[in-house]
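Written out below as structure tokens is the structure these notes cover.
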Amino acid sequence: MARVSIRDLSVAFGSVKVLTNLDLEIDEGEFIVLLGPSGCGKSTLLNSIAGLLDVSAGQVWIDGKNVTWEEPKDRGIGMVFQSYALYPRMSVEGNLSFGLKMARVPRDEIARRIKAAAALLHIEPLMKRRPSELSGGQRQRVAIGRALVRDVHVFLFDEPLSNLDAALRTELRVELKRLHRELRNSTMIYVTHDQIEALTLADRIAVMHAGVIQQLDEPRNIYHKPANRFVAGFVGSPAMNFHTGTFRIDQGEPWFEHKELRQPLQGYEFSGDPKPGQPVTLGIRPEHVQVGANGAAVHTAVADLIEPMGAETIVWTKIAGAPFSVRLDGEASLEVGEDLQLVFPPRRLNLFDAESGVRL
Amino acid sequence: MTNAAVTSGLEFPTGSVAAVGPHGPRPKRLSIARIGVYAFLVVSALFFLAPLWVMIVTSLKTMPEIRQGDLFNWPRDFTFEPWVKAWTTACTGRICEGINPGFWNSVKITVPSVAISIVAAALNGYALSFWRFRGAGFFFGLLLFGAFVPYQTVIYPLIIFTREVGLFATLPGIILIHTIFGMPILTLLYRNYFAALPEELFKAARVDGAGFWAIFIRIIMPMSIPITIVAVILQTTGIWNDFLFGVVFAGRDNMPMTVQLNNIVTTTTGTREYNVNMAATILTAAVPLTVYFLSGRFFVRGIAAGAVKG
Amino acid sequence: MAQRRRLVNTIMPVIGSLPMISVGVGVYIIGIAYSIALSFTDSRLFPKFNFVGTESYERLWNTERWLVSVENIWVFGAGIIVFQMTFGYLLAVFIDQRIRQEDAFRTIFLYPFAMSLIVTGLIWQWMLDPALGLNSVLTKLGLDIDLALLVDRSTAIYGLVLGGVWHGVGVTMAIMLAGLRGIDAEIWKAARVDGIPVWRTYVFIALPMLQGSIITALVLQATSVVRVYDLVIGMTQGGPGIATQMPAVFVIEHIQHRQNVALGMAAATMMLIPVLAVVGAKWIYDWRTARRRRIEALQVT
């Protein structure tokens with residue numbers, strides 16, 4: 001029953017329009033990630049769902065109820081903040097119980113809920129401690145616990161891992177995924193700018209830019225079939241290689257042409273219908289480039305710069321005058337100045353309209 | 001940039017805004033809480049403004065009207081005479097020259113005191129921040145401790161000292177006293193400000209060959225305008241408003257405005273002329289009030305640095 | 001050449017700090033020592049180092065004027081602190097409510113601090129005048145409240161508290177407001193999501209987080225309470241009778257017209273002790289906070 005429905009939502013601050021006519025349907029029990037760069041509107045959307053922000057137009061529905069005018073506490077949500085926002089002068093137990101005491105929940109019920117949340121999150125031994133005496137991971141768990149004890153089914157996360165160092169981030173990411181699995185009918189709406197978090201945690205990702213959802217899809221499709229140039233460039237590290245050129249039809253076969261780069265598009269799954277002569281952008285991920293000479297078109301490039309990263313090696317070259325990166329296995333031995341033969345498998349290509357960025 | 005919201009097969013109804021039901025911004029009810037907040041603030045504001053209002057209207061009334069009570073009423077018989085009298089002919093003891101000698105004395109006291117105490121404190125703060133020499137920390141701690149010491153504990157030795165060197169009841173004497181008592185707060189102010197300046201600046205200047213005074217005059221002071229404004233405001237207000245030191249150290253010839261005001265108001269010869277007294281009070285408060293209203297945020301910053309004068 | 005330059009650069013800072021050093025040593029070490037020493041003498045009009053032990057202190061604690069002063073400073077201090085802290089925090093909380101006219105209100109609440117304490121005393125003396133002050137307005141309105149605090153020995157001290165609060169509460173408000181604004185915005189959001197009413201957030205969550213601001217405000221208030229002189233002179237001159245005598249007034253009176261330097265110095269020394277206590281307490285608090293932070297930084301991995 002924990003569906004979240006955002007209908008025709010617009011949020012503006014004065015004359016600045018952050019979100020315009022946004023629609024989003026979130027399933028019960030889904031883990032959806034709002035992904036995008038700073039200023040794309042993802043936090044605004046989350047805060048609007050929470051009720052911390054007034055919307056300019058549109059509606060927010062949670063659990064079949066129109067909560068657009070409801071206070072956050074009446075929306076059936078729990079929220080975890082970037083800084084965790086634990087009350088510093090209260091113990092963990094105090095933090096977990098304060099909201100419930102305000103709501104006049106009976107004492108034994110409070111104790112029961114705290115016990116259940118503490119067991120789920122493994123924070124039983126921390127009950128008497130103050131937030132300043134907890135590690136980053138423990139604080140996050142207490143913050144989640146504070147949302148858990150509210151007996152709600154929608155959890156909102158506002159970049160909870162951004163303040164942590166890389167090692168801790170990885171560890172807590174795994175914990176979050178495990179938690180979602182254990183709380184089977186809880187819907188989780190998660191905001192981040194980190195695409196790795198998005199790809200690993202989400203059931204679906206909503207990639208946002210300038211207040212508009214660019215693509216709403218499973219991580220697999222976001223990664224393999226980005227809907228537009230922005231999504232293609234934002235997701236994936238190192239970023240996708242792009243070349244802007246022209247779409248041609250040569251003897252009935254589709255081609256991409258840019259200066260000396262000529263790539264046949266035979267075997268590429270078209271989503272759109274490009275016209276001959278149309279300016280288009282071709283993209284291919286560094287990890288999808290094949291080294292070798294078995295393909296319809298072989299491109300030669302010279303290795304300019306090599307970045308060994310242990311498990312993989314990134315090789316920077318130039319194709320048609322633009323920098324081009326190729327990902328090789330970490331064991332590959334290569335030297336600067338060596339010639340490379342590169343093949344682009346058509347299934348791995350991405351074609352976008354040069355102006356609108358839409359996938360073709 | 002694309003404007004397409006692409007979905008992956010999940011249906012959502014088009015035209016999905018329900019025709020009825022809450023949508024858009026929450027209706028802004030002027031809740032009781034909000035009214036209460038404004039009410040509290042307005043009543044408090046009235047509490048703070050009332051004395052000022054009373055001062056002003058009383059100073060513009062005639063004595064007969066004042067004797068009728070009606071403290072808050074605008075004068076029926078409007079008159080500027082109390083002001084003229086306060087400035088030129090009000091009596092301090094046996095001398096009836098109004099409060100304007102006090103005004104000029106206050107000016108003569110305040111301007112040099114502010115200037116000297118600021119230069120000394122800036123110098124001290126500078127030496128402490130950038131040239132930490134042995135014992136500097138101890139002396140600074142001493143100065144800080146001094147900021148909290150009640151004036152009365154050290155006032156007598158200062159009286160004896162100024163008497164011995166012939167500075168008691170002189171203008172240089174009172175200037176010296178104000179400089180001394182301004183040091184702790186101002187040095188703290190400057191030291192904290194300098195501590196926040198990047199030390200690389202100082203190091204670069206040393207590498208360039210500049211010495212103690214050169215760096216101070218050419219580099220540090222030009223960068224210290226904001227804090228100097230705060231210091232000037234703090235000191236001007238504090239020194240102008242001072243009463244205790246004026247009473248003890250200034251002497252009859254250099255009586256500051258605050259002391260003269262008190263003498264005018266507490267003269268027991270004849271009837272108390274409340275309107276003149278109020279006019280004199282406003283005149284005395286005028287300078288720091290003007291500084292306050294003109295300085296805005298700088299004043300608040302000065303307080304934040306711990307204004308303890310008075 | 002380099003040698004001389006280094007010497008110059010070592011001496012110059014010391015010369016530059018001469019004002020601070022001379023003031024620090026001259027006034028606050030020698031001066032205080034001098035005052036304390038004199039309190040053990042029998043000086044009258046002039047300082048004489050004829051030591052008589054604790055005679056002055058014994059006389060002090062047998063002087064009604066002094067005993068009244070001490071009692072008054074406690075009543076005054078308690079009144080000032082209680083009212084300024086409560087009223088100041090309330091003002092800060094209400095101003096924090098995103099009022100459109102915030103700047104205007106803040107200007108109004110702070111302007112009394114720009115006025116001299118002698119001016120404050122004189123204004124409030126006029127406001128509390130029994131015949132022509134607030135009383136006359138109240139009588140005309142038919143209200144039977146007697147606000148002529150300064151005429152009555154038992155209520156005069158409350159008049160002083162009123163004037164003091166009017167003068168200084170703006171500063172307390174500014175300090176508390178700065179503290180409130182320094183609280184992480186997400187704490188307010190979390191409390192709102194938790195369903196905690198706004199006023200409870202201010203009292204049970206924000207206020208405990210404001211320890212630093214509270215202590216700053218308390219220290220400032222305590223030090224200005226101990227020194228209170230101008231306000232008393234302006235408002236009551238210590239009267240009626242000796243009902244509003246204060247230690248600071250006592251000291252000055254005895255140095256000047258009462259011609260008993262030793263007694264005055266004994267009083268001045270007594271004034272030093274509570275200040276030392278408060279300042280010492282604050283230093284211990286600061287030291288312990290710094291130590292706790294250092295330990296926390298090591299613990300949390």
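By convention in this document, the chains of the structure tokens carry letters A, B, ... by their order, each chain's residues are numbered from 1, and ligands are numbered from 1 in the order they are shown.
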>> Select, as a ChimeraX atom specification, those residues of chain A with any atom no more than 7 Å from chain C (distances computed using only C-alpha atoms).
In response: /A:72-73,78,81,85-87,89,99,102,133-135
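By chain and then residue number, the residues within 9 Å of Gly102 in chain B are Asn254, Met255, Pro256, Met257, Thr258, Val259, Gln260, Leu261 and Thr284 of chain B, counting only C-alpha atoms and disregarding those fewer than 6 positions away in sequence.
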Could you pull the residues within 6 Å of range 153-160 of chain C, counting only C-alpha atoms, minus those fewer than 5 positions along the same chain, as a PDB file with N, CA and C atoms, in the first residue's frame?
```
ATOM      1  N   PRO C 240      16.259  54.751  47.546  1.00  0.00           N
ATOM      2  CA  PRO C 240      16.115  55.678  48.668  1.00  0.00           C
ATOM      3  C   PRO C 240      16.895  55.226  49.910  1.00  0.00           C
ATOM      4  N   ALA C 243      18.863  51.809  49.951  1.00  0.00           N
ATOM      5  CA  ALA C 243      18.148  50.625  49.458  1.00  0.00           C
ATOM      6  C   ALA C 243      18.729  50.044  48.189  1.00  0.00           C
ATOM      7  N   THR C 244      19.363  50.884  47.350  1.00  0.00           N
ATOM      8  CA  THR C 244      19.926  50.328  46.125  1.00  0.00           C
ATOM      9  C   THR C 244      21.433  50.515  46.063  1.00  0.00           C
TER      10      THR C 244
END
```
> So which residues of range 119-251 of chain A fall under strand (DSSP E) by DSSP, listed as a count of residues only?
Replying inline: 33
> Where in range 112-185 of chain B does DSSP assign helix (DSSP H, G or I), given as an MDAnalysis selection string?
Replying inline: chainID B and resid 112:130 136:148 151:164 171:185
Please produce a file of the residues just selected, as a CSV table (one decimal), in the first residue's frame, where the atoms kept are C-alpha atoms.
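Output file again.csv follows:
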```
chain,number,residue,atom,x,y,z
B,112,PRO,CA,41.9,60.9,20.4
B,113,SER,CA,41.0,57.9,22.7
B,114,VAL,CA,39.4,56.0,19.9
B,115,ALA,CA,42.3,56.7,17.6
B,116,ILE,CA,45.1,55.8,20.1
B,117,SER,CA,43.4,52.7,21.6
B,118,ILE,CA,42.7,51.3,18.1
B,119,VAL,CA,46.3,51.8,16.9
B,120,ALA,CA,47.7,50.3,20.1
B,121,ALA,CA,45.3,47.4,20.0
B,122,ALA,CA,45.8,46.7,16.3
B,123,LEU,CA,49.6,46.8,16.8
B,124,ASN,CA,49.3,44.4,19.7
B,125,GLY,CA,46.9,42.0,17.9
B,126,TYR,CA,49.3,42.1,14.9
B,127,ALA,CA,52.3,41.3,17.0
B,128,LEU,CA,50.5,38.5,18.8
B,129,SER,CA,49.1,36.9,15.7
B,130,PHE,CA,52.1,37.0,13.4
B,136,ALA,CA,53.2,36.8,24.3
B,137,GLY,CA,50.6,34.3,25.2
B,138,PHE,CA,51.0,35.0,28.9
B,139,PHE,CA,50.6,38.8,28.4
B,140,PHE,CA,47.6,38.2,26.2
B,141,GLY,CA,46.0,36.0,28.8
B,142,LEU,CA,46.7,38.7,31.4
B,143,LEU,CA,44.9,41.2,29.2
B,144,LEU,CA,42.0,38.9,28.7
B,145,PHE,CA,41.7,38.4,32.4
B,146,GLY,CA,41.8,42.1,32.7
B,147,ALA,CA,38.7,42.4,30.5
B,148,PHE,CA,36.7,40.8,33.2
B,151,TYR,CA,37.1,48.7,37.2
B,152,GLN,CA,36.8,49.4,40.9
B,153,THR,CA,39.5,47.0,41.7
B,154,VAL,CA,42.1,48.8,39.7
B,155,ILE,CA,40.8,52.3,39.7
B,156,TYR,CA,42.5,53.5,42.9
B,157,PRO,CA,46.1,52.7,41.8
B,158,LEU,CA,45.3,54.5,38.6
B,159,ILE,CA,44.1,57.5,40.5
B,160,ILE,CA,47.4,57.6,42.5
B,161,PHE,CA,49.4,57.0,39.4
B,162,THR,CA,47.8,59.8,37.4
B,163,ARG,CA,48.1,62.1,40.3
B,164,GLU,CA,51.8,61.4,40.7
B,171,LEU,CA,42.5,65.7,29.1
B,172,PRO,CA,45.5,63.5,28.4
B,173,GLY,CA,44.8,61.7,31.6
B,174,ILE,CA,41.3,60.7,30.7
B,175,ILE,CA,42.5,59.8,27.2
B,176,LEU,CA,45.1,57.5,28.8
B,177,ILE,CA,42.5,55.9,31.0
B,178,HIS,CA,40.2,55.1,28.1
B,179,THR,CA,43.1,53.7,26.1
B,180,ILE,CA,44.0,51.4,29.0
B,181,PHE,CA,40.6,50.1,29.5
B,182,GLY,CA,39.9,49.7,25.8
B,183,MET,CA,43.0,47.5,25.3
B,184,PRO,CA,41.7,44.1,26.3
B,185,ILE,CA,38.6,43.9,24.1
```
> Could you write out as a ChimeraX atom specification the residues of chain A within 9 Å of chain B, counting only C-alpha atoms?
Replying inline: /A:7-11,22-25,54-60,66-70,209-210,212-218,227-230,355-358
>> Give me, as a ChimeraX atom specification, the residues of chain C touching chain B, with the criterion being at most 7 Å (counting only C-alpha atoms).
In response: /C:9,12-13,16-17,19-21,23-24,27-28,31-32,34-35,94,105,108-109,114-116,118-119,123,132-134,136-137,166,171,175,220,223-224,226-227,230,234,248,251,268-269,272,275
For the residues in the current selection, export C-alpha atoms as a compact mmCIF listing (two decimals), in the first residue's frame.
```
# COMPACT_ATOMS: atom_id res chain seq x y z
CA ASN C 9 62.78 41.69 13.90
CA MET C 12 60.25 45.14 17.10
CA PRO C 13 57.34 42.84 18.04
CA GLY C 16 54.94 46.85 19.22
CA SER C 17 53.44 45.00 22.12
CA PRO C 19 51.19 48.95 25.16
CA MET C 20 49.73 45.55 25.94
CA ILE C 21 52.60 44.51 28.15
CA VAL C 23 48.93 47.74 30.57
CA GLY C 24 48.83 44.09 31.45
CA VAL C 27 47.39 47.82 35.62
CA TYR C 28 46.37 44.28 36.10
CA GLY C 31 47.43 47.66 40.15
CA ILE C 32 45.51 44.75 41.59
CA TYR C 34 48.42 47.52 45.07
CA SER C 35 44.70 47.56 45.73
CA PHE C 94 10.30 34.84 17.83
CA PHE C 105 12.66 44.51 14.99
CA ILE C 108 14.59 48.27 17.85
CA PHE C 109 15.58 45.59 20.33
CA ALA C 114 23.76 52.08 22.29
CA MET C 115 22.60 54.38 25.03
CA SER C 116 24.73 55.18 27.99
CA ILE C 118 23.51 56.94 32.85
CA VAL C 119 21.03 57.95 30.15
CA ILE C 123 15.07 57.89 31.44
CA LEU C 132 4.20 62.27 36.43
CA GLY C 133 5.54 58.99 35.11
CA LEU C 134 3.78 55.79 34.10
CA SER C 136 -0.12 59.00 36.09
CA VAL C 137 -1.05 57.21 32.87
CA TRP C 166 15.71 47.21 29.00
CA VAL C 171 22.58 41.79 23.41
CA ILE C 175 23.88 36.13 21.10
CA LEU C 220 28.81 38.95 29.85
CA THR C 223 30.63 40.83 34.59
CA SER C 224 28.43 43.80 33.85
CA VAL C 226 29.32 43.17 39.21
CA ARG C 227 30.48 46.50 37.82
CA ASP C 230 26.39 54.26 36.07
CA GLY C 234 21.48 57.66 37.06
CA ALA C 248 30.84 49.44 42.88
CA VAL C 251 34.03 51.52 46.54
CA ALA C 268 37.10 46.26 45.77
CA THR C 269 38.98 43.07 46.57
CA LEU C 272 37.15 40.63 42.46
CA VAL C 275 34.49 37.61 38.89
```
